[in-house]
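K.L.:
Structure file entry.txt (compact mmCIF, C-alpha atoms and all ligand atoms) is given on the next line.
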# COMPACT_ATOMS: atom_id res chain seq x y z
CA MET G 104 -124.16 207.18 27.92
CA ASP G 105 -120.97 206.85 29.93
CA THR G 106 -120.29 210.45 30.98
CA ASN G 107 -116.75 209.50 31.90
CA LYS G 108 -115.87 208.58 28.34
CA ARG G 109 -114.65 211.15 25.89
CA PRO G 110 -116.77 210.96 22.71
CA GLU G 111 -114.70 210.02 19.67
CA THR G 112 -116.15 213.00 17.83
CA MET G 113 -114.90 215.49 20.42
CA GLU G 114 -112.41 217.83 18.78
CA ARG G 115 -109.08 218.49 20.50
CA ILE G 116 -109.19 222.01 21.97
CA THR G 117 -106.20 223.80 20.51
CA THR G 118 -107.38 227.34 19.76
CA PRO G 119 -109.01 230.19 21.70
CA GLU G 120 -112.12 229.77 19.52
CA LEU G 121 -112.52 226.12 20.45
CA ALA G 122 -111.78 226.98 24.08
CA ASN G 123 -114.48 229.67 24.10
CA ALA G 124 -117.01 227.28 22.62
CA PHE G 125 -116.13 224.74 25.32
CA ILE G 126 -116.40 227.41 28.02
CA ASP G 127 -119.85 228.54 26.81
CA GLU G 128 -121.05 224.97 26.74
CA GLN G 129 -119.74 224.21 30.25
CA VAL G 130 -121.03 227.46 31.73
CA ALA G 131 -124.52 226.48 30.55
CA ALA G 132 -124.11 222.91 31.80
CA VAL G 133 -122.87 224.01 35.23
CA ARG G 134 -125.72 226.51 35.62
CA ALA G 135 -128.20 223.80 34.69
CA GLN G 136 -126.66 221.35 37.16
CA VAL G 137 -126.18 223.72 40.08
CA GLY G 138 -129.15 226.10 39.86
CA ASP G 139 -128.96 228.54 42.77
CA LYS G 140 -127.08 226.14 45.07
CA LYS G 141 -123.54 226.50 46.42
CA VAL G 142 -120.44 224.68 45.23
CA LEU G 143 -117.26 224.01 47.21
CA LEU G 144 -113.81 223.70 45.61
CA ALA G 145 -110.41 222.86 47.07
CA LEU G 146 -108.22 225.32 45.18
CA SER G 147 -104.59 224.24 45.33
CA GLY G 148 -103.38 226.75 42.77
CA GLY G 149 -102.39 223.96 40.38
CA VAL G 150 -103.47 224.16 36.76
CA ASP G 151 -106.54 221.93 36.99
CA SER G 152 -108.18 223.35 40.10
CA SER G 153 -107.37 226.91 38.99
CA VAL G 154 -109.04 226.42 35.62
CA VAL G 155 -112.08 224.83 37.25
CA ALA G 156 -112.28 227.76 39.66
CA ALA G 157 -112.12 230.34 36.86
CA LEU G 158 -114.73 228.46 34.85
CA LEU G 159 -117.10 228.20 37.81
CA ILE G 160 -116.63 231.84 38.74
CA LYS G 161 -117.74 232.69 35.23
CA ALA G 162 -120.71 230.34 35.49
CA ILE G 163 -121.97 230.93 39.02
CA GLY G 164 -119.89 233.72 40.59
CA LYS G 165 -120.20 233.88 44.35
CA GLN G 166 -122.12 230.61 44.55
CA LEU G 167 -118.67 229.05 44.31
CA VAL G 168 -116.74 228.84 47.57
CA CYS G 169 -113.03 228.20 47.07
CA VAL G 170 -110.91 226.95 49.93
CA HIS G 171 -107.15 227.28 49.63
CA VAL G 172 -105.23 225.34 52.24
CA ASN G 173 -101.63 226.44 52.59
CA HIS G 174 -99.91 223.40 54.05
CA GLY G 175 -96.67 225.30 54.47
CA LEU G 176 -95.05 223.23 51.74
CA MET G 177 -95.90 225.48 48.81
CA ARG G 178 -93.25 226.99 46.58
CA LYS G 179 -92.31 230.60 47.17
CA GLY G 180 -95.13 232.98 46.28
CA GLU G 181 -97.70 230.35 45.36
CA SER G 182 -100.35 230.96 47.99
CA GLU G 183 -99.91 234.69 47.49
CA GLN G 184 -100.60 234.21 43.77
CA VAL G 185 -103.78 232.24 44.49
CA ILE G 186 -105.04 235.08 46.67
CA GLU G 187 -104.02 237.76 44.19
CA VAL G 188 -105.59 236.10 41.16
CA PHE G 189 -108.75 234.68 42.67
CA ARG G 190 -109.65 237.06 45.46
CA ASN G 191 -108.28 240.33 44.10
CA GLN G 192 -108.60 239.94 40.35
CA LEU G 193 -111.53 237.54 39.87
CA ASP G 194 -113.39 238.63 43.01
CA ALA G 195 -113.92 235.02 44.08
CA ASN G 196 -115.39 233.83 47.30
CA LEU G 197 -112.08 232.53 48.65
CA ILE G 198 -111.33 231.14 52.08
CA TYR G 199 -107.60 231.11 52.77
CA ILE G 200 -106.30 228.88 55.52
CA ASP G 201 -102.73 229.04 56.64
CA ALA G 202 -102.29 225.61 58.21
CA THR G 203 -98.47 225.70 58.11
CA ASP G 204 -98.01 225.12 61.83
CA ARG G 205 -100.43 222.20 61.90
CA PHE G 206 -98.61 220.41 59.10
CA LEU G 207 -95.07 221.16 60.23
CA ASP G 208 -95.82 220.21 63.83
CA LEU G 209 -97.21 216.85 62.69
CA LEU G 210 -94.25 216.27 60.38
CA LYS G 211 -91.66 217.04 63.03
CA ASP G 212 -89.11 214.20 63.31
CA VAL G 213 -90.88 212.11 60.66
CA ALA G 214 -88.24 210.96 58.19
CA GLU G 215 -89.92 208.14 56.30
CA PRO G 216 -91.19 209.34 52.88
CA GLU G 217 -94.44 207.38 52.71
CA LYS G 218 -95.28 208.34 56.27
CA LYS G 219 -94.71 211.99 55.40
CA ARG G 220 -97.02 211.66 52.38
CA LYS G 221 -99.71 210.01 54.49
CA ILE G 222 -99.54 212.71 57.13
CA ILE G 223 -99.74 215.50 54.56
CA GLY G 224 -102.62 213.85 52.67
CA GLY G 225 -104.54 212.97 55.84
CA GLU G 226 -104.14 216.39 57.39
CA PHE G 227 -105.17 218.08 54.15
CA ILE G 228 -108.46 216.19 54.21
CA LYS G 229 -108.95 217.05 57.87
CA VAL G 230 -108.39 220.77 57.39
CA PHE G 231 -110.62 220.87 54.32
CA ASP G 232 -113.30 218.84 56.08
CA GLU G 233 -113.28 221.17 59.07
CA GLU G 234 -113.75 224.17 56.82
CA ALA G 235 -116.49 222.47 54.81
CA SER G 236 -118.42 221.64 57.97
CA LYS G 237 -118.37 225.31 59.00
CA LEU G 238 -120.09 226.31 55.77
CA GLU G 239 -123.81 226.15 55.34
CA GLY G 240 -125.85 225.16 52.36
CA ILE G 241 -123.15 223.54 50.23
CA SER G 242 -124.67 221.02 47.81
CA PHE G 243 -121.89 220.38 45.34
CA LEU G 244 -118.21 219.63 45.36
CA ALA G 245 -116.18 220.77 42.35
CA GLN G 246 -113.03 218.93 41.37
CA GLY G 247 -110.27 219.46 38.85
CA THR G 248 -110.44 215.91 37.57
CA ILE G 249 -108.97 215.67 34.06
CA TYR G 250 -109.19 212.87 31.50
CA PRO G 251 -105.84 211.22 32.34
CA ASP G 252 -107.06 210.95 35.97
CA ILE G 253 -110.03 208.93 34.73
CA LEU G 254 -107.90 206.83 32.39
CA GLU G 255 -105.30 206.14 35.07
CA SER G 256 -107.58 206.03 38.07
CA ASP G 257 -106.54 202.52 38.97
CA GLY G 258 -103.03 202.92 37.67
CA VAL G 259 -99.79 204.43 38.84
CA LYS G 260 -101.07 207.86 39.69
CA ALA G 261 -103.48 206.66 42.39
CA HIS G 262 -100.98 206.82 45.22
CA HIS G 263 -100.01 210.30 44.14
CA ASN G 264 -103.35 211.89 44.71
CA VAL G 265 -102.83 213.02 48.26
CA GLY G 266 -105.28 215.83 47.66
CA GLY G 267 -108.03 213.22 47.44
CA LEU G 268 -111.07 214.13 49.44
CA PRO G 269 -112.96 212.05 51.97
CA GLU G 270 -115.20 209.45 50.42
CA ASP G 271 -118.01 210.02 52.87
CA MET G 272 -118.57 213.61 51.77
CA GLN G 273 -122.19 213.80 50.72
CA PHE G 274 -121.85 216.13 47.79
CA GLU G 275 -122.73 215.77 44.18
CA LEU G 276 -119.65 216.33 41.99
CA VAL G 277 -119.09 219.12 39.48
CA GLU G 278 -116.22 218.19 37.18
CA PRO G 279 -116.30 220.48 34.14
CA VAL G 280 -112.87 219.55 32.70
CA LYS G 281 -112.98 215.82 33.27
CA LEU G 282 -112.92 214.99 29.55
CA LEU G 283 -109.98 217.27 28.76
CA PHE G 284 -106.32 216.50 28.37
CA LYS G 285 -103.79 218.69 30.13
CA ASP G 286 -102.89 220.73 27.04
CA GLU G 287 -106.57 221.50 26.51
CA VAL G 288 -107.02 222.55 30.13
CA ARG G 289 -104.20 225.05 29.59
CA VAL G 290 -105.81 226.46 26.42
CA VAL G 291 -109.12 226.82 28.28
CA GLY G 292 -107.36 228.47 31.24
CA LYS G 293 -105.78 231.06 28.94
CA ALA G 294 -109.12 231.76 27.28
CA LEU G 295 -110.55 232.35 30.76
CA GLY G 296 -107.88 234.99 31.34
CA LEU G 297 -105.72 233.18 33.89
CA PRO G 298 -102.09 234.34 33.93
CA ALA G 299 -99.57 232.28 31.94
CA SER G 300 -97.55 231.73 35.12
CA MET G 301 -100.50 229.81 36.51
CA VAL G 302 -101.65 228.01 33.39
CA ASP G 303 -98.25 226.93 32.08
CA ARG G 304 -96.79 225.91 35.39
CA GLN G 305 -94.91 222.68 35.73
CA PRO G 306 -96.36 219.77 37.67
CA PHE G 307 -95.96 220.11 41.44
CA PRO G 308 -96.58 217.14 43.71
CA GLY G 309 -99.50 217.36 46.13
CA PRO G 310 -97.16 216.99 49.14
CA GLY G 311 -95.22 219.90 47.69
CA LEU G 312 -91.81 220.77 49.07
CA GLY G 313 -92.45 218.11 51.72
CA VAL G 314 -90.98 215.44 49.44
CA ARG G 315 -88.04 217.68 48.47
CA CYS G 316 -86.99 218.62 51.99
CA LEU G 317 -85.62 215.11 52.41
CA GLY G 318 -85.96 213.20 55.64
CA ALA G 319 -87.36 214.92 58.72
CA ILE G 320 -88.43 218.45 57.75
CA THR G 321 -87.08 221.36 59.73
CA ARG G 322 -88.25 224.92 59.24
CA ASP G 323 -84.79 226.30 58.53
CA ARG G 324 -83.98 223.68 55.88
CA LEU G 325 -87.46 224.06 54.35
CA HIS G 326 -86.87 227.79 54.13
CA ALA G 327 -83.49 227.25 52.45
CA LEU G 328 -85.08 224.85 49.96
CA ARG G 329 -87.85 227.31 49.10
CA GLU G 330 -85.41 230.16 48.53
CA ALA G 331 -83.04 228.01 46.44
CA ASP G 332 -85.97 226.71 44.38
CA ALA G 333 -87.15 230.27 43.73
CA ILE G 334 -83.68 231.19 42.42
CA LEU G 335 -83.61 228.14 40.15
CA ARG G 336 -87.04 229.02 38.76
CA GLU G 337 -86.08 232.65 38.23
CA GLU G 338 -82.90 231.71 36.36
CA PHE G 339 -84.71 229.14 34.23
CA GLU G 340 -87.27 231.78 33.31
CA ASN G 341 -84.55 234.31 32.46
CA ALA G 342 -82.92 231.73 30.19
CA GLY G 343 -86.26 230.72 28.62
CA LEU G 344 -85.85 227.16 29.87
CA ASN G 345 -89.20 227.29 31.66
CA LYS G 346 -90.79 226.97 28.22
CA THR G 347 -88.96 223.80 27.25
CA VAL G 348 -88.02 221.88 30.39
CA TRP G 349 -90.80 219.67 31.73
CA GLN G 350 -89.97 219.79 35.43
CA TYR G 351 -87.18 221.37 37.45
CA PHE G 352 -86.68 221.85 41.13
CA ILE G 353 -84.32 221.67 44.07
CA ALA G 354 -84.10 218.95 46.70
CA VAL G 355 -82.22 219.47 49.96
CA PRO G 356 -81.05 216.38 51.84
CA ASP G 357 -80.75 216.14 55.58
CA MET G 358 -76.95 216.26 55.71
CA LYS G 359 -74.28 218.88 56.06
CA SER G 360 -70.81 219.22 54.68
CA VAL G 361 -67.94 221.49 55.56
CA GLY G 362 -67.41 224.64 53.59
CA VAL G 363 -65.83 228.04 53.95
CA ARG G 364 -67.40 231.47 53.80
CA ASN G 365 -65.79 234.80 54.68
CA ASP G 366 -62.63 232.91 55.68
CA LYS G 367 -64.58 230.96 58.25
CA ARG G 368 -65.67 227.35 58.40
CA TYR G 369 -69.25 227.19 57.12
CA GLU G 370 -71.26 224.03 57.46
CA GLY G 371 -74.28 223.79 55.23
CA TRP G 372 -76.66 221.60 53.25
CA PRO G 373 -76.23 220.84 49.57
CA ALA G 374 -78.91 222.00 47.12
CA ILE G 375 -79.51 219.37 44.45
CA ILE G 376 -80.76 220.55 41.05
CA ARG G 377 -83.12 218.24 39.17
CA ALA G 378 -84.21 219.19 35.64
CA ILE G 379 -85.89 216.55 33.54
CA ASN G 380 -87.85 216.03 30.35
CA THR G 381 -90.55 213.47 29.82
CA THR G 382 -93.86 212.95 28.11
CA ASP G 383 -95.67 210.85 30.70
CA ALA G 384 -93.46 210.99 33.85
CA MET G 385 -92.98 207.22 33.60
CA SER G 386 -89.48 207.68 32.24
CA ALA G 387 -87.39 210.83 32.06
CA THR G 388 -84.21 212.20 30.54
CA ILE G 389 -81.92 214.88 31.89
CA GLU G 390 -81.97 218.44 30.56
CA GLU G 391 -78.49 219.51 29.52
CA ILE G 392 -78.32 222.82 31.33
CA PRO G 393 -75.59 225.06 29.88
CA TYR G 394 -72.57 225.20 32.19
CA ALA G 395 -72.61 229.00 32.33
CA LEU G 396 -76.13 228.89 33.70
CA LEU G 397 -75.20 226.19 36.21
CA HIS G 398 -72.36 228.39 37.45
CA LYS G 399 -74.68 231.35 37.78
CA ILE G 400 -77.30 229.38 39.69
CA THR G 401 -74.61 227.93 41.96
CA ALA G 402 -73.15 231.36 42.66
CA ARG G 403 -76.54 232.84 43.47
CA ILE G 404 -77.77 230.01 45.68
CA THR G 405 -74.58 229.76 47.71
CA ALA G 406 -74.40 233.55 48.12
CA GLU G 407 -78.08 234.25 48.76
CA VAL G 408 -79.44 231.26 50.64
CA GLU G 409 -78.65 230.92 54.30
CA GLY G 410 -77.55 227.40 55.14
CA ILE G 411 -76.64 226.15 51.65
CA ASN G 412 -72.94 225.73 50.92
CA ARG G 413 -72.86 223.46 47.85
CA VAL G 414 -74.90 223.01 44.68
CA LEU G 415 -75.07 219.59 42.97
CA TYR G 416 -76.58 218.58 39.63
CA ASP G 417 -78.45 215.28 39.49
CA LEU G 418 -77.61 213.55 36.20
CA THR G 419 -79.71 210.44 36.78
CA PRO G 420 -82.40 209.54 34.24
CA LYS G 421 -85.60 207.71 35.20
CA PRO G 422 -85.21 204.82 35.49
CA VAL G 423 -83.17 204.29 37.60
CA GLY G 424 -83.79 207.47 39.59
CA THR G 425 -87.36 208.57 40.11
CA ILE G 426 -88.10 212.22 39.29
CA GLU G 427 -88.60 213.17 42.93
CA TRP G 428 -86.07 212.17 45.57
CA GLU G 429 -88.69 210.78 47.92
P1 LIG O 1 -91.65 210.12 40.39
O1 LIG O 1 -90.87 210.71 41.53
O2 LIG O 1 -92.54 208.99 40.83
O3 LIG O 1 -92.61 211.28 39.90
O4 LIG O 1 -90.78 209.75 39.23
C1 LIG O 1 -93.40 211.24 38.74
C2 LIG O 1 -94.22 212.51 38.68
O5 LIG O 1 -95.18 212.52 39.72
C3 LIG O 1 -94.96 213.62 40.60
N1 LIG O 1 -95.16 213.15 41.98
C4 LIG O 1 -96.24 213.39 42.71
N2 LIG O 1 -97.38 214.07 42.44
N3 LIG O 1 -98.16 213.58 44.62
C5 LIG O 1 -98.33 214.16 43.41
O6 LIG O 1 -99.36 214.78 43.20
C6 LIG O 1 -97.06 212.87 44.97
O7 LIG O 1 -96.94 212.34 46.06
C7 LIG O 1 -96.05 212.78 43.95
N4 LIG O 1 -94.84 212.15 43.91
C8 LIG O 1 -94.31 212.41 42.70
C9 LIG O 1 -93.55 214.07 40.35
O8 LIG O 1 -93.36 215.44 40.69
C10 LIG O 1 -93.38 213.76 38.89
O9 LIG O 1 -93.94 214.79 38.09
Could the structure of this file be written out as structure tokens, please?

P.N.:
Amino acid sequence: MDTNKRPETMERITTPELANAFIDEQVAAVRAQVGDKKVLLALSGGVDSSVVAALLIKAIGKQLVCVHVNHGLMRKGESEQVIEVFRNQLDANLIYIDATDRFLDLLKDVAEPEKKRKIIGGEFIKVFDEEASKLEGISFLAQGTIYPDILESDGVKAHHNVGGLPEDMQFELVEPVKLLFKDEVRVVGKALGLPASMVDRQPFPGPGLGVRCLGAITRDRLHALREADAILREEFENAGLNKTVWQYFIAVPDMKSVGVRNDKRYEGWPAIIRAINTTDAMSATIEEIPYALLHKITARITAEVEGINRVLYDLTPKPVGTIEWE
């Protein structure tokens, strides 16, 4: 039997009851596979790895070792949420590594997008590898592979998976959600008690804010981007748009324009709003954000974020614009 093929008889998981049945089945399967051995998981805080973590905690508790690498390119509050949910609430065995300086030092003066991606992906593997080699007695590697990853493994998404792990790692894989579609992973995550803010989150690229802080990343511009992005997210949540808009974020280019603040000349970067809808990320349309909300977001970002003096709204569908700016 091809274990990477979803059986035609497998029912789509849409209800808590179906999710609980799936969880019971996987808990038993994981226990049978793992026995009393240890399992390692790179926990990014994204939907898939978070659901796998919660499932494995239920199945094998402290035999799971989660490693969360903060590459310094996370959105505001994300690493804190991983620690709060997994270490504090679920009592997981969680190793937290703040590798911000390592990543930002390597990325200094690097402006070319693909080079930035390579550096981030390569360094991620290095940091994770270093941590893994410090641990003793790990026999398994868990991964948040989902069914579309298997279906598209030689397709478009391949170059996106910067979180990919070294091929020479000698671990057997534990991939409990590999036959599930994204919507099912979310239903399972909710049944496992993960917070909605974690389970319903929008897609976030592996290289994180690194591909939204355009050109060569500087710490001050990265900080401005993170703060502006947090305001956009907060206002979308207040307006209920987080429930309907597929992906929304801020990009900050490496350019300044002249402005005025407190009667003085004020040079700053523009914050570019991107808010799109799509089903498969291959093409995308623009969300028509109400003007009143755009004005509010603009007022808040320009007043609250140091270094930003204009807010722009990207009206370009995909194609011809990609979703991300880099
Ligand atoms: P584009 O910009 O190609 O994005 O229209 C399509 C979708 O993929 C996400 N994306 C990435 N995800 N690593 C990822 O894990 C990446 O390097 C990456 N680049 C883009 C993007 O956010 C959008 O959802």

K.L.:
Please give me, as an NGL selection string, the residues lying within 10 Å of ligand LIG 1 (chain O) when counting all atoms listed in the file.

P.N.:
:G and (216-217 or 219-221 or 223-224 or 259-267 or 305-311 or 313-315 or 349-352 or 379-381 or 383-387 or 420-429)

K.L.:
Using C-alpha atoms, can you export the residues from the last selection as an mmCIF file, in the coordinates of the input?

P.N.:
data_model
loop_
_atom_site.group_PDB
_atom_site.id
_atom_site.type_symbol
_atom_site.label_atom_id
_atom_site.label_comp_id
_atom_site.auth_asym_id
_atom_site.auth_seq_id
_atom_site.Cartn_x
_atom_site.Cartn_y
_atom_site.Cartn_z
ATOM 1 C CA PRO G 216 -91.190 209.340 52.880
ATOM 2 C CA GLU G 217 -94.440 207.380 52.710
ATOM 3 C CA LYS G 219 -94.710 211.990 55.400
ATOM 4 C CA ARG G 220 -97.020 211.660 52.380
ATOM 5 C CA LYS G 221 -99.710 210.010 54.490
ATOM 6 C CA ILE G 223 -99.740 215.500 54.560
ATOM 7 C CA GLY G 224 -102.620 213.850 52.670
ATOM 8 C CA VAL G 259 -99.790 204.430 38.840
ATOM 9 C CA LYS G 260 -101.070 207.860 39.690
ATOM 10 C CA ALA G 261 -103.480 206.660 42.390
ATOM 11 C CA HIS G 262 -100.980 206.820 45.220
ATOM 12 C CA HIS G 263 -100.010 210.300 44.140
ATOM 13 C CA ASN G 264 -103.350 211.890 44.710
ATOM 14 C CA VAL G 265 -102.830 213.020 48.260
ATOM 15 C CA GLY G 266 -105.280 215.830 47.660
ATOM 16 C CA GLY G 267 -108.030 213.220 47.440
ATOM 17 C CA GLN G 305 -94.910 222.680 35.730
ATOM 18 C CA PRO G 306 -96.360 219.770 37.670
ATOM 19 C CA PHE G 307 -95.960 220.110 41.440
ATOM 20 C CA PRO G 308 -96.580 217.140 43.710
ATOM 21 C CA GLY G 309 -99.500 217.360 46.130
ATOM 22 C CA PRO G 310 -97.160 216.990 49.140
ATOM 23 C CA GLY G 311 -95.220 219.900 47.690
ATOM 24 C CA GLY G 313 -92.450 218.110 51.720
ATOM 25 C CA VAL G 314 -90.980 215.440 49.440
ATOM 26 C CA ARG G 315 -88.040 217.680 48.470
ATOM 27 C CA TRP G 349 -90.800 219.670 31.730
ATOM 28 C CA GLN G 350 -89.970 219.790 35.430
ATOM 29 C CA TYR G 351 -87.180 221.370 37.450
ATOM 30 C CA PHE G 352 -86.680 221.850 41.130
ATOM 31 C CA ILE G 379 -85.890 216.550 33.540
ATOM 32 C CA ASN G 380 -87.850 216.030 30.350
ATOM 33 C CA THR G 381 -90.550 213.470 29.820
ATOM 34 C CA ASP G 383 -95.670 210.850 30.700
ATOM 35 C CA ALA G 384 -93.460 210.990 33.850
ATOM 36 C CA MET G 385 -92.980 207.220 33.600
ATOM 37 C CA SER G 386 -89.480 207.680 32.240
ATOM 38 C CA ALA G 387 -87.390 210.830 32.060
ATOM 39 C CA PRO G 420 -82.400 209.540 34.240
ATOM 40 C CA LYS G 421 -85.600 207.710 35.200
ATOM 41 C CA PRO G 422 -85.210 204.820 35.490
ATOM 42 C CA VAL G 423 -83.170 204.290 37.600
ATOM 43 C CA GLY G 424 -83.790 207.470 39.590
ATOM 44 C CA THR G 425 -87.360 208.570 40.110
ATOM 45 C CA ILE G 426 -88.100 212.220 39.290
ATOM 46 C CA GLU G 427 -88.600 213.170 42.930
ATOM 47 C CA TRP G 428 -86.070 212.170 45.570
ATOM 48 C CA GLU G 429 -88.690 210.780 47.920
#

K.L.:
I want to know what sits within 9 Å of Ala122 of chain G, based on all atoms listed in the file, with residues of the same chain fewer than 5 positions away left out; could you give that as JSON, numbers by chain?

P.N.:
{"G": [116, 117, 127, 287, 288, 290, 291, 292, 293, 294, 295]}

K.L.:
Determine the nearest neighbour of Ile353 of chain G from the options G:Ala402, G:Ala299, G:Val414, G:Val142, counting only C-alpha atoms.

P.N.:
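Of all the options, G:Val414 lies closest to Ile353 of chain G.
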
K.L.:
What is the distance between atom CA of Gln166 of chain G and atom CA of Ser242 of chain G, in Å to one decimal?

P.N.:
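Interatomic distance here is 10.4 Å.
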
K.L.:
Output, as JSON, the centre and edge lengths in Å (one decimal) of the axis-aligned box that contains all listed atoms of segment 408-426 of chain G with 6 Å of margin on each side.

P.N.:
{"center_x": -80.5, "center_y": 217.8, "center_z": 44.7, "size_x": 27.2, "size_y": 39.0, "size_z": 32.9}

K.L.:
Hey, can you check how far atom CA of His326 of chain G sits from atom CA of Glu409 of chain G?

P.N.:
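A separation of 8.8 Å between them.
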
K.L.:
So, counting only C-alpha atoms, which residue among G:Ile400, G:Ala319, G:Leu312, G:Leu238 is closest to Asp208 of chain G?

P.N.:
G:Ala319

K.L.:
Would you compute the distance between atom CA of Phe274 of chain G and atom CA of Ala245 of chain G? Give it in Å to one decimal.

P.N.:
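For atom CA of Phe274 of chain G relative to atom CA of Ala245 of chain G, the distance reads 9.1 Å.
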
K.L.:
Would you kindly return, as a VMD selection string, each protein, DNA or RNA residue with an atom no farther than 12 Å from any atom of Gly149 of chain G, considering only C-alpha atoms and excluding same-chain residues fewer than 5 positions away?

P.N.:
chain G and resid 154 to 156 171 177 to 178 181 to 182 184 to 185 246 to 248 266 285 288 to 289 292 297 300 to 309 311

K.L.:
Determine, counting only C-alpha atoms, which protein, DNA and RNA residues have an atom within 12 Å of an atom of Arg403 of chain G; residues of the same chain fewer than 4 positions away are not included. Present the result as a PyMOL selection string.

P.N.:
chain G and resi 330-335+337-338+374+396-399+407-409+411-414

K.L.:
Considering all atoms listed in the file, tabulate each residue of segment 304-324 of chain G that lies at most 12 Å from segment 361-372 of chain G along with its nearest interatomic pair and the corresponding distance in Å to one decimal; arrange the rows by chain and ascending residue number and present them as CSV.

P.N.:
residue,atom,partner,partner_atom,distance
G:Cys316,CA,G:Trp372,CA,10.8
G:Leu317,CA,G:Trp372,CA,11.1
G:Asp323,CA,G:Trp372,CA,10.8
G:Arg324,CA,G:Trp372,CA,8.1

K.L.:
Please determine, counting all atoms listed in the file, which residue among G:Ile320, G:Val172, G:Gly296, G:Leu159 has the shortest atom-to-atom distance to Leu210 of chain G.

P.N.:
G:Ile320

K.L.:
Considering all atoms listed in the file, can you say which of G:Asp252, G:Glu128, G:Asp201, G:Glu390 comes closest to Phe227 of chain G?

P.N.:
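For Phe227 of chain G, the nearest of the candidates is G:Asp201.
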